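Asks: File query27.pdb follows (PDB, C-alpha atoms):
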ATOM      1  CA  MET A   1     170.687 105.628 124.393
ATOM      2  CA  ALA A   2     170.752 109.208 125.524
ATOM      3  CA  ASP A   3     174.470 109.844 124.886
ATOM      4  CA  GLY A   4     173.992 109.987 121.149
ATOM      5  CA  SER A   5     175.308 106.477 120.655
ATOM      6  CA  ASP A   6     171.980 105.401 119.238
ATOM      7  CA  SER A   7     173.281 106.144 115.757
ATOM      8  CA  TRP A   8     174.789 103.153 113.998
ATOM      9  CA  THR A   9     177.524 105.335 112.512
ATOM     10  CA  VAL A  10     178.771 106.162 116.019
ATOM     11  CA  TRP A  11     179.028 102.467 116.795
ATOM     12  CA  LEU A  12     180.739 101.697 113.510
ATOM     13  CA  ASP A  13     183.209 104.560 113.865
ATOM     14  CA  ARG A  14     184.036 103.540 117.411
ATOM     15  CA  HIS A  15     184.370  99.795 116.923
ATOM     16  CA  GLY A  16     184.754  99.349 113.160
ATOM     17  CA  PRO A  17     188.570  99.122 113.023
ATOM     18  CA  ALA A  18     188.716  96.508 115.783
ATOM     19  CA  LEU A  19     185.824  94.587 114.239
ATOM     20  CA  VAL A  20     187.578  94.381 110.890
ATOM     21  CA  LEU A  21     190.780  93.373 112.632
ATOM     22  CA  LEU A  22     188.917  90.666 114.530
ATOM     23  CA  ALA A  23     187.303  89.390 111.340
ATOM     24  CA  ARG A  24     190.704  89.257 109.695
ATOM     25  CA  GLN A  25     191.665  86.463 112.104
ATOM     26  CA  TRP A  26     189.385  84.144 110.104
ATOM     27  CA  SER A  27     189.787  85.632 106.649
ATOM     28  CA  THR A  28     192.719  86.029 104.367
ATOM     29  CA  CYS A  29     191.713  89.239 102.688
ATOM     30  CA  ARG A  30     190.219  92.494 103.802
ATOM     31  CA  ALA A  31     187.240  92.178 101.448
ATOM     32  CA  ASP A  32     186.130  89.000 103.191
ATOM     33  CA  ALA A  33     186.620  90.625 106.588
ATOM     34  CA  GLU A  34     184.437  93.566 105.598
ATOM     35  CA  ASP A  35     181.739  91.212 104.334
ATOM     36  CA  ILE A  36     181.767  89.568 107.754
ATOM     37  CA  VAL A  37     181.605  92.896 109.575
ATOM     38  CA  GLN A  38     178.748  94.051 107.396
ATOM     39  CA  GLU A  39     176.637  91.001 108.117
ATOM     40  CA  ALA A  40     177.493  91.018 111.820
ATOM     41  CA  PHE A  41     176.894  94.713 112.261
ATOM     42  CA  VAL A  42     173.485  94.659 110.612
ATOM     43  CA  ARG A  43     172.516  91.669 112.731
ATOM     44  CA  PHE A  44     173.794  93.426 115.845
ATOM     45  CA  TRP A  45     172.044  96.675 115.109
ATOM     46  CA  ARG A  46     168.649  95.073 114.616
ATOM     47  CA  SER A  47     168.785  93.079 117.816
ATOM     48  CA  ARG A  48     171.020  95.159 120.096
ATOM     49  CA  GLU A  49     168.194  96.221 122.410
ATOM     50  CA  ARG A  50     167.599  92.664 123.524
ATOM     51  CA  VAL A  51     171.046  92.211 125.082
ATOM     52  CA  GLU A  52     172.549  93.509 128.311
ATOM     53  CA  ASP A  53     175.973  94.409 126.933
ATOM     54  CA  PRO A  54     175.739  95.620 123.336
ATOM     55  CA  ALA A  55     179.504  96.088 122.906
ATOM     56  CA  ALA A  56     180.266  92.506 123.913
ATOM     57  CA  TYR A  57     177.381  91.330 121.755
ATOM     58  CA  LEU A  58     178.750  93.223 118.748
ATOM     59  CA  PHE A  59     182.085  91.434 118.964
ATOM     60  CA  ALA A  60     180.308  88.124 119.525
ATOM     61  CA  CYS A  61     178.287  88.728 116.355
ATOM     62  CA  VAL A  62     181.472  89.306 114.381
ATOM     63  CA  LYS A  63     182.995  86.111 115.683
ATOM     64  CA  HIS A  64     179.916  84.033 114.867
ATOM     65  CA  CYS A  65     179.626  85.502 111.397
ATOM     66  CA  ALA A  66     183.340  84.987 110.850
ATOM     67  CA  LEU A  67     183.081  81.324 111.797
ATOM     68  CA  ASP A  68     180.063  80.867 109.534
ATOM     69  CA  SER A  69     181.895  82.556 106.726
ATOM     70  CA  HIS A  70     184.998  80.521 107.349
ATOM     71  CA  ARG A  71     182.993  77.374 106.771
ATOM     72  CA  GLY A  72     181.399  78.713 103.607
ATOM     73  CA  ARG A  73     182.323  77.102 100.353
ATOM     74  CA  GLN A  74     182.381  80.307  98.388
ATOM     75  CA  ARG A  75     184.817  81.821 100.810
ATOM     76  CA  GLN A  76     186.954  78.731 100.363
ATOM     77  CA  LEU A  77     187.536  79.599  96.731
ATOM     78  CA  ARG A  78     188.423  83.170  97.593
ATOM     79  CA  ARG A  79     190.787  81.952 100.292
ATOM     80  CA  GLU A  80     192.570  79.790  97.761
ATOM     81  CA  GLU A  81     192.871  82.732  95.425
ATOM     82  CA  ALA A  82     194.111  84.977  98.199
ATOM     83  CA  SER A  83     196.659  82.447  99.392
ATOM     84  CA  ALA A  84     197.969  82.222  95.849
ATOM     85  CA  ARG A  85     198.665  85.956  95.909
ATOM     86  CA  PRO A  86     202.095  86.793  97.286
ATOM     87  CA  GLU A  87     201.257  90.212  98.779
ATOM     88  CA  VAL A  88     199.894  90.497 102.322
ATOM     89  CA  GLU A  89     197.391  93.230 103.093
ATOM     90  CA  PRO A  90     198.350  95.324 106.128
ATOM     91  CA  LEU A  91     196.327  95.176 109.338
ATOM     92  CA  PHE A  92     197.433  98.482 110.861
ATOM     93  CA  ALA A  93     198.063 102.026 109.787
ATOM     94  CA  GLY A  94     201.118 103.872 111.035
ATOM     95  CA  PRO A  95     204.073 106.048 110.178
ATOM     96  CA  ILE A  96     206.454 104.718 107.548
ATOM     97  CA  GLU A  97     209.458 104.851 109.869
ATOM     98  CA  LEU A  98     207.764 102.216 112.031
ATOM     99  CA  ASP A  99     206.842  99.994 109.121
ATOM    100  CA  GLU A 100     209.375  97.304 109.957
ATOM    101  CA  ARG A 101     208.190  96.956 113.533
ATOM    102  CA  ARG A 102     204.566  97.075 112.437
ATOM    103  CA  TRP A 103     205.109  94.300 109.932
ATOM    104  CA  ALA A 104     206.834  92.224 112.587
ATOM    105  CA  ILE A 105     203.896  92.668 114.949
ATOM    106  CA  GLU A 106     201.408  91.851 112.198
ATOM    107  CA  SER A 107     203.191  88.663 111.239
ATOM    108  CA  ALA A 108     203.472  87.668 114.899
ATOM    109  CA  LEU A 109     199.769  88.358 115.364
ATOM    110  CA  ARG A 110     198.951  86.148 112.382
ATOM    111  CA  GLU A 111     200.922  83.331 113.957
ATOM    112  CA  LEU A 112     198.926  83.418 117.190
ATOM    113  CA  PRO A 113     196.300  80.756 117.840
ATOM    114  CA  ALA A 114     192.853  82.141 117.044
ATOM    115  CA  SER A 115     191.692  81.754 120.646
ATOM    116  CA  GLN A 116     194.488  84.035 121.837
ATOM    117  CA  ALA A 117     194.381  86.481 118.952
ATOM    118  CA  GLU A 118     190.678  87.167 119.405
ATOM    119  CA  VAL A 119     191.175  87.998 123.086
ATOM    120  CA  LEU A 120     194.086  90.266 122.250
ATOM    121  CA  VAL A 121     192.122  92.133 119.582
ATOM    122  CA  MET A 122     189.078  92.597 121.779
ATOM    123  CA  LYS A 123     191.172  93.766 124.725
ATOM    124  CA  VAL A 124     193.788  95.984 123.073
ATOM    125  CA  TRP A 125     191.962  97.423 120.065
ATOM    126  CA  GLY A 126     188.343  96.743 120.967
ATOM    127  CA  GLY A 127     188.687  98.257 124.424
ATOM    128  CA  LEU A 128     186.589  95.544 126.068
ATOM    129  CA  THR A 129     187.133  94.492 129.647
ATOM    130  CA  PHE A 130     187.890  90.891 130.575
ATOM    131  CA  PRO A 131     184.296  90.302 131.763
ATOM    132  CA  GLN A 132     182.984  91.693 128.466
ATOM    133  CA  ILE A 133     185.312  89.462 126.462
ATOM    134  CA  ALA A 134     184.267  86.504 128.570
ATOM    135  CA  ALA A 135     180.633  87.288 127.796
ATOM    136  CA  ALA A 136     181.352  87.648 124.092
ATOM    137  CA  LEU A 137     183.243  84.361 123.926
ATOM    138  CA  GLU A 138     180.943  82.573 126.386
ATOM    139  CA  THR A 139     183.809  81.520 128.601
ATOM    140  CA  SER A 140     185.180  82.404 132.039
ATOM    141  CA  VAL A 141     187.025  85.581 132.943
ATOM    142  CA  ASN A 142     190.001  83.542 134.165
ATOM    143  CA  THR A 143     190.276  81.778 130.822
ATOM    144  CA  VAL A 144     190.180  85.090 128.999
ATOM    145  CA  ALA A 145     192.861  86.600 131.243
ATOM    146  CA  SER A 146     195.066  83.535 130.746
ATOM    147  CA  ARG A 147     194.701  83.672 126.981
ATOM    148  CA  TYR A 148     195.630  87.344 127.038
ATOM    149  CA  ARG A 149     198.796  86.660 129.011
ATOM    150  CA  TYR A 150     199.736  83.737 126.757
ATOM    151  CA  ALA A 151     199.139  85.891 123.696
ATOM    152  CA  LEU A 152     201.428  88.653 124.948
ATOM    153  CA  ALA A 153     204.102  86.172 125.957
ATOM    154  CA  ARG A 154     203.992  84.489 122.576
ATOM    155  CA  LEU A 155     204.078  87.789 120.747
ATOM    156  CA  ARG A 156     207.115  88.852 122.752
ATOM    157  CA  GLU A 157     208.903  85.611 121.910
ATOM    158  CA  GLN A 158     208.198  85.946 118.230
ATOM    159  CA  LEU A 159     209.206  89.582 118.139
ATOM    160  CA  ALA A 160     212.455  88.709 119.921
ATOM    161  CA  GLU A 161     213.155  85.992 117.340
ATOM    162  CA  GLU A 162     212.358  88.446 114.591
ATOM    163  CA  SER A 163     214.801  91.028 115.966
ATOM    164  CA  ILE A 164     217.558  88.374 116.149
ATOM    165  CA  ARG A 165     217.097  87.592 112.443
TER
ATOM    166  CA  MET I   1     205.586  99.079 134.001
ATOM    167  CA  ASN I   2     206.275  95.364 133.397
ATOM    168  CA  GLU I   3     207.031  93.687 130.055
ATOM    169  CA  HIS I   4     203.392  92.829 129.412
ATOM    170  CA  ASP I   5     202.350  96.419 129.954
ATOM    171  CA  GLN I   6     205.090  97.720 127.663
ATOM    172  CA  LEU I   7     204.120  95.403 124.857
ATOM    173  CA  GLY I   8     200.439  96.090 125.483
ATOM    174  CA  ALA I   9     201.075  99.811 125.205
ATOM    175  CA  GLU I  10     203.051  99.329 122.011
ATOM    176  CA  LEU I  11     200.235  97.268 120.532
ATOM    177  CA  ALA I  12     197.627  99.800 121.616
ATOM    178  CA  ALA I  13     199.603 102.510 119.829
ATOM    179  CA  LEU I  14     199.003 100.720 116.550
ATOM    180  CA  ARG I  15     195.808 101.806 114.829
ATOM    181  CA  PRO I  16     193.877  99.102 112.965
ATOM    182  CA  LEU I  17     192.844 100.185 109.497
ATOM    183  CA  PRO I  18     189.352 101.697 109.541
ATOM    184  CA  PRO I  19     186.487 100.117 107.588
ATOM    185  CA  SER I  20     186.254 101.227 104.002
ATOM    186  CA  HIS I  21     183.745 103.777 102.823
ATOM    187  CA  GLU I  22     182.071 101.059 100.761
ATOM    188  CA  LEU I  23     181.400  99.039 103.897
ATOM    189  CA  LYS I  24     179.643 102.013 105.461
ATOM    190  CA  GLN I  25     177.569 102.478 102.354
ATOM    191  CA  ARG I  26     176.585  98.802 102.263
ATOM    192  CA  ILE I  27     175.587  98.851 105.923
ATOM    193  CA  ALA I  28     173.624 102.047 105.402
ATOM    194  CA  ALA I  29     171.822 100.490 102.466
ATOM    195  CA  GLU I  30     170.926  97.396 104.487
ATOM    196  CA  LEU I  31     169.758  99.333 107.518
ATOM    197  CA  THR I  32     167.618 101.719 105.537
ATOM    198  CA  GLU I  33     165.830  99.135 103.414
ATOM    199  CA  PRO I  34     162.894  97.145 104.841
ATOM    200  CA  ALA I  35     163.921  94.484 107.300
ATOM    201  CA  MET I  36     162.934  91.607 105.044
ATOM    202  CA  HIS I  37     166.341  90.215 104.220
ATOM    203  CA  SER I  38     168.079  90.106 107.552
ATOM    204  CA  GLN I  39     168.183  87.000 109.723
ATOM    205  CA  PRO I  40     167.456  88.365 113.215
ATOM    206  CA  LEU I  41     164.007  89.637 112.422
ATOM    207  CA  ALA I  42     161.384  90.302 115.006
ATOM    208  CA  PRO I  43     158.826  87.512 115.179
ATOM    209  CA  ALA I  44     156.015  89.719 113.889
ATOM    210  CA  SER I  45     157.865  90.813 110.780
ATOM    211  CA  ARG I  46     159.082  87.253 110.238
ATOM    212  CA  ARG I  47     155.498  86.065 110.168
ATOM    213  CA  HIS I  48     154.644  88.847 107.780
ATOM    214  CA  SER I  49     157.472  88.068 105.420
ATOM    215  CA  HIS I  50     156.482  84.395 105.269
ATOM    216  CA  GLY I  51     152.789  85.187 104.753
ATOM    217  CA  PRO I  52     152.583  84.077 101.105
ATOM    218  CA  LEU I  53     154.159  80.747 102.004
ATOM    219  CA  TRP I  54     151.586  80.056 104.690
ATOM    220  CA  LEU I  55     148.817  81.123 102.344
ATOM    221  CA  ALA I  56     150.078  78.775  99.648
ATOM    222  CA  ALA I  57     150.428  75.945 102.150
ATOM    223  CA  LEU I  58     146.817  76.370 103.241
ATOM    224  CA  CYS I  59     145.232  77.015  99.860
ATOM    225  CA  GLY I  60     147.101  74.289  98.001
ATOM    226  CA  PRO I  61     145.487  71.269  99.679
ATOM    227  CA  ILE I  62     142.049  72.942  99.651
ATOM    228  CA  ALA I  63     142.305  73.608  95.926
ATOM    229  CA  ALA I  64     143.492  70.052  95.328
ATOM    230  CA  CYS I  65     140.472  68.652  97.236
ATOM    231  CA  LEU I  66     138.067  70.859  95.285
ATOM    232  CA  ILE I  67     139.516  69.782  91.946
ATOM    233  CA  TYR I  68     139.380  66.141  93.023
ATOM    234  CA  PHE I  69     135.703  66.320  93.975
ATOM    235  CA  LEU I  70     134.815  68.283  90.849
ATOM    236  CA  LEU I  71     136.424  65.709  88.600
ATOM    237  CA  ARG I  72     135.136  62.768  90.576
ATOM    238  CA  GLY I  73     131.653  64.166  91.089
ATOM    239  CA  SER I  74     129.675  64.139  94.285
ATOM    240  CA  PRO I  75     129.315  60.688  95.875
ATOM    241  CA  VAL I  76     125.630  61.474  96.651
ATOM    242  CA  GLU I  77     124.725  62.163  93.052
ATOM    243  CA  ARG I  78     126.566  59.172  91.699
ATOM    244  CA  PRO I  79     124.144  56.418  90.536
ATOM    245  CA  PRO I  80     124.520  52.989  92.087
ATOM    246  CA  THR I  81     126.957  50.795  90.266
ATOM    247  CA  ASP I  82     125.389  48.262  87.940
ATOM    248  CA  PRO I  83     126.800  44.748  88.566
ATOM    249  CA  SER I  84     126.974  44.240  84.822
ATOM    250  CA  ASP I  85     129.379  47.172  84.628
ATOM    251  CA  LEU I  86     131.711  45.421  87.015
ATOM    252  CA  ARG I  87     131.539  42.249  84.948
ATOM    253  CA  THR I  88     132.288  44.220  81.803
ATOM    254  CA  GLN I  89     135.252  45.901  83.455
ATOM    255  CA  ALA I  90     136.543  42.542  84.666
ATOM    256  CA  THR I  91     136.162  41.075  81.186
ATOM    257  CA  ILE I  92     137.977  43.967  79.582
ATOM    258  CA  SER I  93     140.819  43.792  82.054
ATOM    259  CA  ALA I  94     141.039  40.021  81.604
ATOM    260  CA  ALA I  95     141.163  40.384  77.839
ATOM    261  CA  PHE I  96     144.361  42.407  78.094
ATOM    262  CA  ASP I  97     145.950  40.256  80.776
ATOM    263  CA  ASP I  98     148.612  38.007  79.263
ATOM    264  CA  ASN I  99     148.414  35.737  82.277
ATOM    265  CA  LEU I 100     144.925  34.673  81.250
ATOM    266  CA  PRO I 101     144.083  32.753  78.075
ATOM    267  CA  SER I 102     142.078  34.952  75.764
ATOM    268  CA  LEU I 103     141.485  35.373  72.079
ATOM    269  CA  TRP I 104     143.173  38.717  72.229
ATOM    270  CA  SER I 105     146.373  37.369  73.771
ATOM    271  CA  TYR I 106     146.533  34.329  71.468
ATOM    272  CA  ARG I 107     145.910  36.419  68.368
ATOM    273  CA  GLY I 108     148.595  38.891  69.400
ATOM    274  CA  ALA I 109     151.100  36.117  70.003
ATOM    275  CA  ALA I 110     150.246  34.389  66.721
ATOM    276  CA  ASP I 111     150.720  37.652  64.837
ATOM    277  CA  GLN I 112     154.222  37.943  66.191
ATOM    278  CA  SER I 113     155.532  34.431  65.733
ATOM    279  CA  PHE I 114     154.822  30.774  66.364
ATOM    280  CA  ASP I 115     157.431  30.792  69.069
ATOM    281  CA  GLN I 116     155.488  33.509  70.882
ATOM    282  CA  LEU I 117     152.342  31.485  70.579
ATOM    283  CA  ASP I 118     154.106  28.368  71.926
ATOM    284  CA  ALA I 119     155.516  30.374  74.788
ATOM    285  CA  LEU I 120     152.071  31.731  75.647
ATOM    286  CA  LEU I 121     150.565  28.269  75.551
ATOM    287  CA  ASP I 122     153.299  26.949  77.812
ATOM    288  CA  LYS I 123     152.731  29.851  80.144
ATOM    289  CA  HIS I 124     149.040  29.204  80.431
ATOM    290  CA  ALA I 125     149.656  25.496  80.767
ATOM    291  CA  THR I 126     151.684  26.147  83.920
ATOM    292  CA  HIS I 127     149.171  28.677  85.213
ATOM    293  CA  PHE I 128     146.178  26.483  84.525
ATOM    294  CA  PRO I 129     147.250  22.872  85.078
ATOM    295  CA  GLU I 130     145.167  20.023  83.805
ATOM    296  CA  PRO I 131     142.305  18.976  86.057
ATOM    297  CA  LYS I 132     143.182  16.326  88.534
ATOM    298  CA  PRO I 133     141.603  12.919  88.063
ATOM    299  CA  GLN I 134     139.436  13.157  91.165
ATOM    300  CA  ARG I 135     137.696  16.167  89.689
ATOM    301  CA  ALA I 136     136.713  14.298  86.549
ATOM    302  CA  GLY I 137     133.571  13.094  88.272
ATOM    303  CA  ALA I 138     132.438  16.620  88.797
ATOM    304  CA  PHE I 139     132.616  17.317  85.074
ATOM    305  CA  VAL I 140     130.807  14.087  84.243
ATOM    306  CA  SER I 141     128.121  14.764  86.810
ATOM    307  CA  ALA I 142     127.359  17.942  84.892
ATOM    308  CA  PHE I 143     125.470  15.672  82.450
ATOM    309  CA  GLY I 144     122.963  14.897  85.149
ATOM    310  CA  LEU I 145     123.992  11.331  85.981
ATOM    311  CA  SER I 146     124.937  10.206  89.468
ATOM    312  CA  ASP I 147     128.131   8.266  90.168
ATOM    313  CA  SER I 148     126.276   4.989  90.602
ATOM    314  CA  GLN I 149     124.428   5.502  87.302
ATOM    315  CA  LEU I 150     127.721   6.147  85.583
ATOM    316  CA  GLU I 151     129.281   3.000  87.046
ATOM    317  CA  ASP I 152     126.314   1.032  85.810
ATOM    318  CA  LEU I 153     126.696   2.616  82.409
ATOM    319  CA  LEU I 154     130.412   1.853  82.287
ATOM    320  CA  GLY I 155     129.698  -1.703  83.362
ATOM    321  CA  GLU I 156     127.328  -2.122  80.457
ATOM    322  CA  LEU I 157     130.025  -0.907  78.086
TER
END
Translate this file's structure into structure tokens.

Replies:
Amino acid sequence: MADGSDSWTVWLDRHGPALVLLARQWSTCRADAEDIVQEAFVRFWRSRERVEDPAAYLFACVKHCALDSHRGRQRQLRREEASARPEVEPLFAGPIELDERRWAIESALRELPASQAEVLVMKVWGGLTFPQIAAALETSVNTVASRYRYALARLREQLAEESIR
Amino acid sequence: MNEHDQLGAELAALRPLPPSHELKQRIAAELTEPAMHSQPLAPASRRHSHGPLWLAALCGPIAACLIYFLLRGSPVERPPTDPSDLRTQATISAAFDDNLPSLWSYRGAADQSFDQLDALLDKHATHFPEPKPQRAGAFVSAFGLSDSQLEDLLGEL
């Protein structure tokens, strides 16, 4: 890669936040999510030259590792411990004056079905195109676009309910 | 700008938390160490990493065969089996077989109790029933007399 993107740190700096956010969809704590990203990123980096679209492949790796991890028994124990903890770790950084809105968006995002949340994360924060997301999820572009629209509609509903409360 | 675009823009304005410094360090450590522990290894390095296993799988059976032949001895050098050896082996095995009547088994049972001895006798009685009457002639003929000679003899008595 002649543009300097052949360094793994460039890839991690560019996609790391979205990858961790994506992994959080299947994990209850940030430590688990980072474990997933670590495994997925190393796997991606060692086999990236064999794929046509490395960015889509990177997100696909995170999803596969997240699903594997989700099924793991050891993670199960940590999930139980994390669910017993009352505090919720934040997903986003932002100014304090927008904290309330940010928390509302985070809670709405957590309520989304995983199939919609993953599309939203890849599109909005991962910067992937619909065809790239379709390749990563091994589904059609139309399905991806539909899930994106449903996700936004559902988020809007939940945020409206939240503002009424 | 429609509602979807507005919400999309608001979402895009949020910045997901970056990976921790520890994550970077862990990835750096994994990527700089030899590629022995990762799953998506190239086929060549995978073969290399499993080399000792293949070696053990090949050498194990060969070593087992060598040990077997060393302990057993070469079949060419082995002297022909003496038939008397086989008879001796059969006798020895029969002596320790409780299903067969032998001095050894009777003595062992008698040492324990009379009930054991009775039980052993009953056992052998069922295993070795009394000769049937039609075979009696065969035993008698062992004395060298024919059936007709025996009948004559019995008639005289």

Asks: List every residue of chain I that has an atom at most 6 Å from any atom of chain A, and for each one report the closest atom pair and its distance in Å to one decimal, counting all atoms listed in the file, with rows sorted by chain and then by increasing residue number, as a tab-separated table.

Replies:
residue	atom	partner	partner_atom	distance
I:Ala12	CA	A:Val124	CA	5.6
I:Arg15	CA	A:Phe92	CA	5.4
I:Pro16	CA	A:Phe92	CA	4.2
I:Leu17	CA	A:Phe92	CA	5.1
I:Pro18	CA	A:Pro17	CA	4.4
I:Pro19	CA	A:Gly16	CA	5.9
I:Ile27	CA	A:Gln38	CA	5.9

Asks: Rounded to one decimal, what separation in Å do you get between atom CA of Ala134 of chain A and atom CA of Gln116 of chain A?

Replies: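 Value for the atom CA of Ala134 of chain A-atom CA of Gln116 of chain A distance: 12.5 Å.
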
Asks: Could you expand the PyMOL selection byres ((chain A and resi 143) around 12) into the explicit residues it covers here, written as a PyMOL selection string?

Replies: chain A and resi 115-116+119+130-131+133-135+137-142+144-150

Asks: So for segment 21-25 of chain A, what box centre and size do we get, axis-aligned, 4 Å extra on each of the six sides, every listed atom, Å to one decimal, as lines of an AutoDock Vina configuration file?

Replies:
center_x = 189.5
center_y = 89.9
center_z = 112.1
size_x = 12.4
size_y = 14.9
size_z = 12.8

Asks: Quick one: distance from atom CA of Ile36 of chain A to atom CA of Leu23 of chain I in Å, one decimal?

Replies: 10.2 Å

Asks: Would you mind reading off the distance between atom CA of Tyr106 of chain I and atom CA of Leu120 of chain I, one decimal, in Å?

Replies: 7.4 Å
